[in-house]
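Dumped model-v5.txt below, it's compact mmCIF, N, CA and C atoms:
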```
# COMPACT_ATOMS: atom_id res chain seq x y z
N GLN A 2 -41.77 42.91 122.32
CA GLN A 2 -43.07 43.36 122.83
C GLN A 2 -44.15 43.02 121.81
N VAL A 3 -45.20 42.39 122.29
CA VAL A 3 -46.29 41.99 121.41
C VAL A 3 -47.24 43.16 121.22
N GLN A 4 -47.60 43.39 119.98
CA GLN A 4 -48.60 44.41 119.68
C GLN A 4 -49.61 43.89 118.69
N LEU A 5 -50.86 44.21 118.93
CA LEU A 5 -51.94 43.94 117.98
C LEU A 5 -52.58 45.29 117.67
N VAL A 6 -52.57 45.67 116.40
CA VAL A 6 -53.07 46.98 116.02
C VAL A 6 -54.22 46.80 115.04
N GLU A 7 -55.42 47.22 115.48
CA GLU A 7 -56.62 47.08 114.66
C GLU A 7 -56.88 48.36 113.86
N SER A 8 -57.58 48.20 112.76
CA SER A 8 -58.04 49.33 111.97
C SER A 8 -59.25 48.90 111.17
N GLY A 9 -59.98 49.90 110.63
CA GLY A 9 -61.08 49.60 109.72
C GLY A 9 -62.47 49.82 110.28
N GLY A 10 -62.58 50.18 111.55
CA GLY A 10 -63.90 50.43 112.10
C GLY A 10 -64.49 51.72 111.57
N GLY A 11 -65.75 51.97 111.93
CA GLY A 11 -66.39 53.19 111.49
C GLY A 11 -67.90 53.10 111.58
N LEU A 12 -68.56 54.07 110.96
CA LEU A 12 -70.01 54.14 110.92
C LEU A 12 -70.51 53.63 109.57
N VAL A 13 -71.48 52.74 109.60
CA VAL A 13 -72.01 52.17 108.38
C VAL A 13 -73.52 51.99 108.54
N GLN A 14 -74.24 52.08 107.44
CA GLN A 14 -75.68 51.90 107.46
C GLN A 14 -76.04 50.41 107.54
N PRO A 15 -77.20 50.09 108.06
CA PRO A 15 -77.63 48.69 108.07
C PRO A 15 -77.60 48.11 106.65
N GLY A 16 -77.10 46.88 106.56
CA GLY A 16 -76.94 46.24 105.26
C GLY A 16 -75.60 46.49 104.62
N GLY A 17 -74.82 47.39 105.19
CA GLY A 17 -73.52 47.72 104.63
C GLY A 17 -72.43 46.76 105.04
N SER A 18 -71.20 47.09 104.62
CA SER A 18 -70.05 46.23 104.87
C SER A 18 -68.89 47.03 105.42
N LEU A 19 -68.05 46.36 106.17
CA LEU A 19 -66.79 46.90 106.66
C LEU A 19 -65.78 45.77 106.71
N ARG A 20 -64.49 46.12 106.58
CA ARG A 20 -63.43 45.14 106.76
C ARG A 20 -62.48 45.63 107.83
N LEU A 21 -62.34 44.82 108.87
CA LEU A 21 -61.39 45.11 109.93
C LEU A 21 -60.07 44.41 109.65
N SER A 22 -58.98 45.07 110.05
CA SER A 22 -57.65 44.49 109.91
C SER A 22 -56.94 44.53 111.26
N CYS A 23 -56.09 43.54 111.48
CA CYS A 23 -55.30 43.49 112.70
C CYS A 23 -53.90 43.02 112.35
N VAL A 24 -52.92 43.87 112.59
CA VAL A 24 -51.53 43.52 112.34
C VAL A 24 -50.88 43.10 113.65
N ALA A 25 -50.25 41.94 113.63
CA ALA A 25 -49.61 41.40 114.84
C ALA A 25 -48.10 41.49 114.72
N SER A 26 -47.46 41.91 115.79
CA SER A 26 -46.00 41.99 115.80
C SER A 26 -45.41 40.69 116.28
N GLY A 27 -44.14 40.50 115.99
CA GLY A 27 -43.43 39.36 116.52
C GLY A 27 -43.85 38.05 115.91
N SER A 28 -43.57 36.98 116.62
CA SER A 28 -43.79 35.64 116.09
C SER A 28 -45.12 35.04 116.49
N ILE A 29 -45.94 35.78 117.25
CA ILE A 29 -47.17 35.18 117.77
C ILE A 29 -48.15 34.82 116.67
N PHE A 30 -48.03 35.50 115.53
CA PHE A 30 -49.03 35.28 114.48
C PHE A 30 -49.05 33.83 114.04
N ARG A 31 -47.90 33.17 114.04
CA ARG A 31 -47.84 31.80 113.56
C ARG A 31 -47.99 30.76 114.67
N THR A 32 -48.02 31.21 115.92
CA THR A 32 -48.09 30.26 117.04
C THR A 32 -49.36 30.38 117.84
N HIS A 33 -50.15 31.43 117.59
CA HIS A 33 -51.35 31.67 118.38
C HIS A 33 -52.60 31.58 117.51
N VAL A 34 -53.71 31.31 118.17
CA VAL A 34 -55.00 31.38 117.50
C VAL A 34 -55.40 32.86 117.44
N MET A 35 -55.62 33.35 116.24
CA MET A 35 -56.02 34.74 116.07
C MET A 35 -57.54 34.84 116.03
N GLY A 36 -58.05 35.94 116.53
CA GLY A 36 -59.50 36.04 116.55
C GLY A 36 -60.00 37.46 116.70
N TRP A 37 -61.30 37.58 116.54
CA TRP A 37 -62.01 38.83 116.76
C TRP A 37 -63.10 38.61 117.79
N TYR A 38 -63.13 39.50 118.77
CA TYR A 38 -64.17 39.51 119.79
C TYR A 38 -64.85 40.87 119.72
N ARG A 39 -66.04 40.96 120.28
CA ARG A 39 -66.72 42.24 120.28
C ARG A 39 -67.44 42.47 121.60
N GLN A 40 -67.55 43.75 121.95
CA GLN A 40 -68.19 44.13 123.21
C GLN A 40 -69.14 45.28 122.95
N ALA A 41 -70.42 44.99 123.11
CA ALA A 41 -71.45 46.02 122.96
C ALA A 41 -71.58 46.78 124.28
N PRO A 42 -72.12 48.00 124.23
CA PRO A 42 -72.27 48.79 125.46
C PRO A 42 -73.06 48.03 126.53
N GLY A 43 -72.50 47.95 127.72
CA GLY A 43 -73.19 47.32 128.83
C GLY A 43 -73.19 45.80 128.79
N LYS A 44 -72.45 45.22 127.85
CA LYS A 44 -72.44 43.76 127.72
C LYS A 44 -71.03 43.22 127.82
N GLN A 45 -70.92 41.91 128.00
CA GLN A 45 -69.61 41.27 128.07
C GLN A 45 -69.00 41.13 126.68
N ARG A 46 -67.67 41.01 126.69
CA ARG A 46 -66.96 40.75 125.44
C ARG A 46 -67.23 39.30 125.01
N VAL A 47 -67.59 39.13 123.74
CA VAL A 47 -67.93 37.80 123.24
C VAL A 47 -67.20 37.51 121.93
N LEU A 48 -67.10 36.24 121.63
CA LEU A 48 -66.44 35.80 120.42
C LEU A 48 -67.22 36.20 119.18
N ALA A 49 -66.48 36.63 118.14
CA ALA A 49 -67.08 36.78 116.82
C ALA A 49 -66.56 35.67 115.91
N ALA A 50 -65.22 35.55 115.83
CA ALA A 50 -64.63 34.53 114.96
C ALA A 50 -63.18 34.29 115.34
N THR A 51 -62.70 33.07 115.10
CA THR A 51 -61.29 32.75 115.32
C THR A 51 -60.75 31.96 114.14
N ILE A 52 -59.42 32.01 113.99
CA ILE A 52 -58.76 31.25 112.94
C ILE A 52 -57.41 30.78 113.44
N THR A 53 -57.10 29.50 113.22
CA THR A 53 -55.83 28.94 113.67
C THR A 53 -54.77 29.10 112.58
N SER A 54 -53.54 28.76 112.93
CA SER A 54 -52.47 28.82 111.94
C SER A 54 -52.70 27.83 110.81
N GLY A 55 -53.50 26.80 111.08
CA GLY A 55 -53.85 25.84 110.04
C GLY A 55 -55.14 26.16 109.34
N ASP A 56 -55.63 27.38 109.54
CA ASP A 56 -56.85 27.88 108.89
C ASP A 56 -58.12 27.17 109.34
N LYS A 57 -58.11 26.63 110.55
CA LYS A 57 -59.36 26.13 111.11
C LYS A 57 -60.13 27.33 111.65
N ILE A 58 -61.39 27.45 111.25
CA ILE A 58 -62.18 28.65 111.53
C ILE A 58 -63.39 28.32 112.39
N ASN A 59 -63.70 29.25 113.28
CA ASN A 59 -64.88 29.12 114.13
C ASN A 59 -65.60 30.46 114.15
N TYR A 60 -66.93 30.41 114.02
CA TYR A 60 -67.75 31.62 114.05
C TYR A 60 -68.80 31.53 115.15
N ALA A 61 -69.13 32.66 115.74
CA ALA A 61 -70.30 32.74 116.58
C ALA A 61 -71.53 32.58 115.70
N ASP A 62 -72.59 31.96 116.25
CA ASP A 62 -73.80 31.75 115.47
C ASP A 62 -74.37 33.07 114.94
N SER A 63 -74.20 34.13 115.71
CA SER A 63 -74.80 35.42 115.35
C SER A 63 -74.17 36.06 114.11
N VAL A 64 -72.97 35.58 113.71
CA VAL A 64 -72.30 36.20 112.55
C VAL A 64 -72.13 35.23 111.39
N LYS A 65 -72.47 33.97 111.58
CA LYS A 65 -72.31 32.97 110.52
C LYS A 65 -73.06 33.39 109.27
N GLY A 66 -72.39 33.25 108.12
CA GLY A 66 -73.00 33.61 106.85
C GLY A 66 -72.89 35.08 106.49
N ARG A 67 -72.45 35.90 107.46
CA ARG A 67 -72.30 37.34 107.19
C ARG A 67 -70.86 37.82 107.34
N PHE A 68 -70.13 37.23 108.27
CA PHE A 68 -68.75 37.62 108.54
C PHE A 68 -67.80 36.54 108.01
N THR A 69 -66.63 36.99 107.55
CA THR A 69 -65.59 36.06 107.11
C THR A 69 -64.26 36.47 107.71
N ILE A 70 -63.63 35.54 108.41
CA ILE A 70 -62.31 35.78 108.96
C ILE A 70 -61.27 35.16 108.05
N SER A 71 -60.14 35.85 107.89
CA SER A 71 -59.07 35.31 107.05
C SER A 71 -57.74 35.85 107.56
N ARG A 72 -56.66 35.26 107.07
CA ARG A 72 -55.34 35.70 107.52
C ARG A 72 -54.37 35.73 106.35
N ASP A 73 -53.43 36.66 106.43
CA ASP A 73 -52.35 36.77 105.45
C ASP A 73 -51.05 36.61 106.23
N ASN A 74 -50.45 35.42 106.13
CA ASN A 74 -49.26 35.14 106.92
C ASN A 74 -48.08 36.02 106.51
N ALA A 75 -48.00 36.38 105.25
CA ALA A 75 -46.90 37.21 104.79
C ALA A 75 -46.94 38.61 105.40
N LYS A 76 -48.15 39.05 105.76
CA LYS A 76 -48.32 40.40 106.32
C LYS A 76 -48.61 40.38 107.81
N ASN A 77 -48.60 39.19 108.42
CA ASN A 77 -48.93 39.07 109.85
C ASN A 77 -50.26 39.76 110.16
N THR A 78 -51.23 39.59 109.29
CA THR A 78 -52.49 40.31 109.40
C THR A 78 -53.67 39.35 109.37
N VAL A 79 -54.64 39.62 110.25
CA VAL A 79 -55.89 38.89 110.23
C VAL A 79 -57.00 39.89 109.92
N TYR A 80 -57.95 39.44 109.12
CA TYR A 80 -59.04 40.31 108.65
C TYR A 80 -60.39 39.78 109.13
N LEU A 81 -61.33 40.69 109.23
CA LEU A 81 -62.72 40.31 109.46
C LEU A 81 -63.57 41.09 108.47
N GLN A 82 -64.05 40.40 107.45
CA GLN A 82 -64.96 41.00 106.48
C GLN A 82 -66.37 40.87 107.02
N MET A 83 -67.03 41.99 107.18
CA MET A 83 -68.37 42.01 107.77
C MET A 83 -69.36 42.53 106.74
N ASN A 84 -70.28 41.67 106.35
CA ASN A 84 -71.31 42.04 105.37
C ASN A 84 -72.69 41.98 106.02
N SER A 85 -73.66 42.58 105.35
CA SER A 85 -75.05 42.58 105.83
C SER A 85 -75.12 42.99 107.30
N LEU A 86 -74.45 44.07 107.61
CA LEU A 86 -74.36 44.51 109.00
C LEU A 86 -75.72 44.95 109.54
N LYS A 87 -75.90 44.67 110.82
CA LYS A 87 -77.15 44.98 111.52
C LYS A 87 -76.85 45.93 112.68
N PRO A 88 -77.84 46.67 113.13
CA PRO A 88 -77.61 47.55 114.29
C PRO A 88 -77.05 46.80 115.50
N GLU A 89 -77.46 45.55 115.66
CA GLU A 89 -76.98 44.77 116.81
C GLU A 89 -75.52 44.34 116.68
N ASP A 90 -74.90 44.60 115.54
CA ASP A 90 -73.47 44.37 115.39
C ASP A 90 -72.64 45.53 115.95
N THR A 91 -73.31 46.59 116.35
CA THR A 91 -72.61 47.73 116.93
C THR A 91 -71.87 47.32 118.19
N ALA A 92 -70.56 47.59 118.21
CA ALA A 92 -69.72 47.16 119.33
C ALA A 92 -68.30 47.67 119.10
N VAL A 93 -67.49 47.53 120.13
CA VAL A 93 -66.05 47.68 119.96
C VAL A 93 -65.50 46.30 119.62
N TYR A 94 -64.77 46.23 118.55
CA TYR A 94 -64.22 44.96 118.08
C TYR A 94 -62.74 44.88 118.46
N TYR A 95 -62.38 43.77 119.08
CA TYR A 95 -61.02 43.57 119.58
C TYR A 95 -60.36 42.40 118.85
N CYS A 96 -59.14 42.62 118.45
CA CYS A 96 -58.32 41.55 117.91
C CYS A 96 -57.65 40.81 119.07
N SER A 97 -57.54 39.49 118.95
CA SER A 97 -56.91 38.70 120.00
C SER A 97 -55.94 37.69 119.42
N ALA A 98 -54.96 37.33 120.25
CA ALA A 98 -54.03 36.25 119.93
C ALA A 98 -53.94 35.38 121.18
N LYS A 99 -54.33 34.11 121.05
CA LYS A 99 -54.41 33.24 122.22
C LYS A 99 -53.61 31.96 122.00
N ARG A 100 -52.98 31.51 123.10
CA ARG A 100 -52.30 30.23 123.09
C ARG A 100 -52.33 29.69 124.51
N GLY A 101 -52.98 28.58 124.72
CA GLY A 101 -53.12 28.03 126.05
C GLY A 101 -53.86 29.01 126.94
N PHE A 102 -53.27 29.34 128.09
CA PHE A 102 -53.91 30.26 129.02
C PHE A 102 -53.46 31.70 128.80
N GLY A 103 -52.58 31.93 127.83
CA GLY A 103 -52.10 33.28 127.57
C GLY A 103 -52.86 33.94 126.44
N SER A 104 -53.00 35.26 126.52
CA SER A 104 -53.69 35.98 125.47
C SER A 104 -53.17 37.41 125.37
N TYR A 105 -53.27 37.94 124.19
CA TYR A 105 -52.95 39.33 123.90
C TYR A 105 -54.16 39.97 123.25
N TRP A 106 -54.31 41.27 123.48
CA TRP A 106 -55.45 41.99 122.95
C TRP A 106 -55.01 43.30 122.30
N GLY A 107 -55.74 43.69 121.26
CA GLY A 107 -55.56 45.00 120.68
C GLY A 107 -56.34 46.04 121.47
N GLN A 108 -56.26 47.29 120.99
CA GLN A 108 -56.89 48.38 121.71
C GLN A 108 -58.38 48.50 121.38
N GLY A 109 -58.81 47.85 120.32
CA GLY A 109 -60.21 47.89 119.93
C GLY A 109 -60.50 48.93 118.87
N THR A 110 -61.50 48.64 118.05
CA THR A 110 -61.95 49.58 117.04
C THR A 110 -63.48 49.60 117.04
N GLN A 111 -64.04 50.81 117.01
CA GLN A 111 -65.49 50.96 117.13
C GLN A 111 -66.16 50.70 115.78
N VAL A 112 -67.21 49.88 115.83
CA VAL A 112 -68.07 49.66 114.67
C VAL A 112 -69.48 50.08 115.07
N THR A 113 -70.04 51.01 114.33
CA THR A 113 -71.39 51.49 114.61
C THR A 113 -72.26 51.29 113.37
N VAL A 114 -73.36 50.57 113.54
CA VAL A 114 -74.28 50.31 112.44
C VAL A 114 -75.57 51.07 112.72
N SER A 115 -75.80 52.11 111.94
CA SER A 115 -76.95 52.97 112.20
C SER A 115 -77.33 53.73 110.94
N SER A 116 -78.61 54.00 110.81
CA SER A 116 -79.07 54.82 109.69
C SER A 116 -79.16 56.28 110.09
```
Structure translated into structure tokens:
Amino acid sequence: QVQLVESGGGLVQPGGSLRLSCVASGSIFRTHVMGWYRQAPGKQRVLAATITSGDKINYADSVKGRFTISRDNAKNTVYLQMNSLKPEDTAVYYCSAKRGFGSYWGQGTQVTVSS
């Protein structure tokens, strides 16, 4: 059974930082593209960042220069380091594992940026 378990969300002031973690079960970590998506209230879920098993990285324009995605293959974990957070970064952040037309999702972790 595939599981993606996120952690690290919370409340942070504008300009602050948070690091999200996602632990993946099974063998999908090495065969799937891992990523982070986010969904703000009343909006669609959108890409934040993805990373392949070969460390090819893609960022949404809205997070470039502020967010960093990385992976630790020994721990089956993908991270999202978020710096210089803005109120518009407030969303539920979801970990994903995708391969072809198949995908797995975590349960989501809330990130709130507010003073």
Polymer residues at most 8 Å from Ala50 of chain A, only C-alpha atoms, same-chain spacing of 4 or more positions, as a list in words
Gly36, Trp37, Tyr38, Ile58, Asn59, Tyr60, Ala61 and Ile70 of chain A
With a distance cut-off of 6.5 Å and only N, CA and C atoms, select the neighbouring residues of Arg100 of chain A, excluding the residue or stretch itself and same-chain residues fewer than 2 positions from it, and output the selection as a ChimeraX atom specification.
/A:32-34,98,102-104
Among segment 3-85 of chain A, which ones does DSSP assign to strand (DSSP E) (computed from the backbone)? Answer as number ranges by chain.
A: 5-8, 11-13, 19-25, 34-40, 47-52, 58-60, 68-73, 78-83
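Minimum atom-to-atom distances from A:Ser22, A:Thr53, A:Gln82, A:Ser116 to Thr69 of chain A were compared using all atoms listed in the file, and the lowest value belongs to A:Gln82.
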Using DSSP on the backbone coordinates, identify the residues of chain A assigned to alpha helix (DSSP H); present them as a count of residues only.
4
Spatial neighbours of Glu89 of chain A, max dist 8 Å, all atoms listed in the file, sep filter under 6 positions, as JSON, numbers by chain
{"A": [41, 114, 115]}
Can those selected residues be exported to a file as a CSV table (one decimal), keeping the file's coordinate frame so that it contains N, CA and C atoms?
```csv
chain,number,residue,atom,x,y,z
A,41,ALA,N,-70.4,45.0,123.1
A,41,ALA,CA,-71.4,46.0,123.0
A,41,ALA,C,-71.6,46.8,124.3
A,114,VAL,N,-73.4,50.6,113.5
A,114,VAL,CA,-74.3,50.3,112.4
A,114,VAL,C,-75.6,51.1,112.7
A,115,SER,N,-75.8,52.1,111.9
A,115,SER,CA,-77.0,53.0,112.2
A,115,SER,C,-77.3,53.7,110.9
```
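You will find atom N of Asp62 of chain A at 24.3 Å from atom CA of Val24 of chain A.
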Write out as a list in words each polymer residue whose atoms come within 6 Å of Ala92 of chain A, counting only N, CA and C atoms; drop sequence neighbours fewer than 5 positions from it.
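Near Ala92 of chain A, the qualifying residues are Arg39, Gln40, Ala41, Pro42, Thr110, Gln111, Val112 and Thr113 of chain A.
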Those same residues - N, CA and C atoms - I'd like them written as a PDB file, in the frame of the given file.
```pdb
ATOM      1  N   ARG A  39     -66.040  40.960 120.280  1.00  0.00           N
ATOM      2  CA  ARG A  39     -66.720  42.240 120.280  1.00  0.00           C
ATOM      3  C   ARG A  39     -67.440  42.470 121.600  1.00  0.00           C
ATOM      4  N   GLN A  40     -67.550  43.750 121.950  1.00  0.00           N
ATOM      5  CA  GLN A  40     -68.190  44.130 123.210  1.00  0.00           C
ATOM      6  C   GLN A  40     -69.140  45.280 122.950  1.00  0.00           C
ATOM      7  N   ALA A  41     -70.420  44.990 123.110  1.00  0.00           N
ATOM      8  CA  ALA A  41     -71.450  46.020 122.960  1.00  0.00           C
ATOM      9  C   ALA A  41     -71.580  46.780 124.280  1.00  0.00           C
ATOM     10  N   PRO A  42     -72.120  48.000 124.230  1.00  0.00           N
ATOM     11  CA  PRO A  42     -72.270  48.790 125.460  1.00  0.00           C
ATOM     12  C   PRO A  42     -73.060  48.030 126.530  1.00  0.00           C
ATOM     13  N   THR A 110     -61.500  48.640 118.050  1.00  0.00           N
ATOM     14  CA  THR A 110     -61.950  49.580 117.040  1.00  0.00           C
ATOM     15  C   THR A 110     -63.480  49.600 117.040  1.00  0.00           C
ATOM     16  N   GLN A 111     -64.040  50.810 117.010  1.00  0.00           N
ATOM     17  CA  GLN A 111     -65.490  50.960 117.130  1.00  0.00           C
ATOM     18  C   GLN A 111     -66.160  50.700 115.780  1.00  0.00           C
ATOM     19  N   VAL A 112     -67.210  49.880 115.830  1.00  0.00           N
ATOM     20  CA  VAL A 112     -68.070  49.660 114.670  1.00  0.00           C
ATOM     21  C   VAL A 112     -69.480  50.080 115.070  1.00  0.00           C
ATOM     22  N   THR A 113     -70.040  51.010 114.330  1.00  0.00           N
ATOM     23  CA  THR A 113     -71.390  51.490 114.610  1.00  0.00           C
ATOM     24  C   THR A 113     -72.260  51.290 113.370  1.00  0.00           C
TER      25      THR A 113
END
```
Kindly list the centre and edge lengths in Å, rounded to one decimal, for the axis-aligned box that covers all listed atoms of segment 57-74 of chain A plus 6 Å on each of its six sides, as JSON.
```
{"center_x": -61.4, "center_y": 32.0, "center_z": 111.0, "size_x": 38.7, "size_y": 23.7, "size_z": 23.1}
```
Would you mind telling me which residue in A:Tyr95, A:Thr51, A:Gly107, A:Pro88 lies nearest to Gln4 of chain A when using only N, CA and C atoms?
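Nearest to Gln4 of chain A: A:Gly107.
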Can you work out the spacing between atom C of Cys96 of chain A and atom C of Gly109 of chain A in Å, to one decimal?
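Atom C of Gly109 of chain A lies 8.6 Å from atom C of Cys96 of chain A.
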Starting from the structure just given, write a file holding segment 20-36 of chain A with N, CA and C atoms, as a PDB file, in the first residue's frame.
```pdb
ATOM      1  N   ARG A  20       9.755  24.313   6.668  1.00  0.00           N
ATOM      2  CA  ARG A  20      10.205  23.187   5.856  1.00  0.00           C
ATOM      3  C   ARG A  20       9.184  22.074   5.950  1.00  0.00           C
ATOM      4  N   LEU A  21       8.669  21.683   4.796  1.00  0.00           N
ATOM      5  CA  LEU A  21       7.743  20.568   4.718  1.00  0.00           C
ATOM      6  C   LEU A  21       8.512  19.285   4.399  1.00  0.00           C
ATOM      7  N   SER A  22       8.021  18.180   4.956  1.00  0.00           N
ATOM      8  CA  SER A  22       8.611  16.870   4.682  1.00  0.00           C
ATOM      9  C   SER A  22       7.515  15.918   4.226  1.00  0.00           C
ATOM     10  N   CYS A  23       7.902  14.989   3.366  1.00  0.00           N
ATOM     11  CA  CYS A  23       6.973  13.969   2.897  1.00  0.00           C
ATOM     12  C   CYS A  23       7.716  12.641   2.819  1.00  0.00           C
ATOM     13  N   VAL A  24       7.256  11.681   3.604  1.00  0.00           N
ATOM     14  CA  VAL A  24       7.851  10.349   3.593  1.00  0.00           C
ATOM     15  C   VAL A  24       6.990   9.440   2.736  1.00  0.00           C
ATOM     16  N   ALA A  25       7.631   8.760   1.795  1.00  0.00           N
ATOM     17  CA  ALA A  25       6.919   7.873   0.874  1.00  0.00           C
ATOM     18  C   ALA A  25       7.205   6.418   1.209  1.00  0.00           C
ATOM     19  N   SER A  26       6.171   5.605   1.200  1.00  0.00           N
ATOM     20  CA  SER A  26       6.348   4.181   1.467  1.00  0.00           C
ATOM     21  C   SER A  26       6.614   3.435   0.184  1.00  0.00           C
ATOM     22  N   GLY A  27       7.140   2.240   0.320  1.00  0.00           N
ATOM     23  CA  GLY A  27       7.307   1.376  -0.826  1.00  0.00           C
ATOM     24  C   GLY A  27       8.381   1.841  -1.783  1.00  0.00           C
ATOM     25  N   SER A  28       8.284   1.369  -3.013  1.00  0.00           N
ATOM     26  CA  SER A  28       9.330   1.612  -3.997  1.00  0.00           C
ATOM     27  C   SER A  28       9.053   2.811  -4.886  1.00  0.00           C
ATOM     28  N   ILE A  29       7.925   3.499  -4.673  1.00  0.00           N
ATOM     29  CA  ILE A  29       7.560   4.573  -5.599  1.00  0.00           C
ATOM     30  C   ILE A  29       8.534   5.728  -5.570  1.00  0.00           C
ATOM     31  N   PHE A  30       9.248   5.871  -4.451  1.00  0.00           N
ATOM     32  CA  PHE A  30      10.112   7.041  -4.317  1.00  0.00           C
ATOM     33  C   PHE A  30      11.157   7.074  -5.417  1.00  0.00           C
ATOM     34  N   ARG A  31      11.636   5.913  -5.844  1.00  0.00           N
ATOM     35  CA  ARG A  31      12.688   5.870  -6.848  1.00  0.00           C
ATOM     36  C   ARG A  31      12.166   5.750  -8.277  1.00  0.00           C
ATOM     37  N   THR A  32      10.861   5.550  -8.429  1.00  0.00           N
ATOM     38  CA  THR A  32      10.308   5.351  -9.770  1.00  0.00           C
ATOM     39  C   THR A  32       9.353   6.450 -10.197  1.00  0.00           C
ATOM     40  N   HIS A  33       8.981   7.324  -9.262  1.00  0.00           N
ATOM     41  CA  HIS A  33       7.996   8.360  -9.555  1.00  0.00           C
ATOM     42  C   HIS A  33       8.610   9.747  -9.420  1.00  0.00           C
ATOM     43  N   VAL A  34       7.988  10.692 -10.104  1.00  0.00           N
ATOM     44  CA  VAL A  34       8.348  12.090  -9.931  1.00  0.00           C
ATOM     45  C   VAL A  34       7.667  12.571  -8.642  1.00  0.00           C
ATOM     46  N   MET A  35       8.458  13.051  -7.713  1.00  0.00           N
ATOM     47  CA  MET A  35       7.915  13.547  -6.450  1.00  0.00           C
ATOM     48  C   MET A  35       7.675  15.045  -6.556  1.00  0.00           C
ATOM     49  N   GLY A  36       6.653  15.506  -5.863  1.00  0.00           N
ATOM     50  CA  GLY A  36       6.368  16.927  -5.984  1.00  0.00           C
ATOM     51  C   GLY A  36       5.514  17.470  -4.857  1.00  0.00           C
TER      52      GLY A  36
END
```
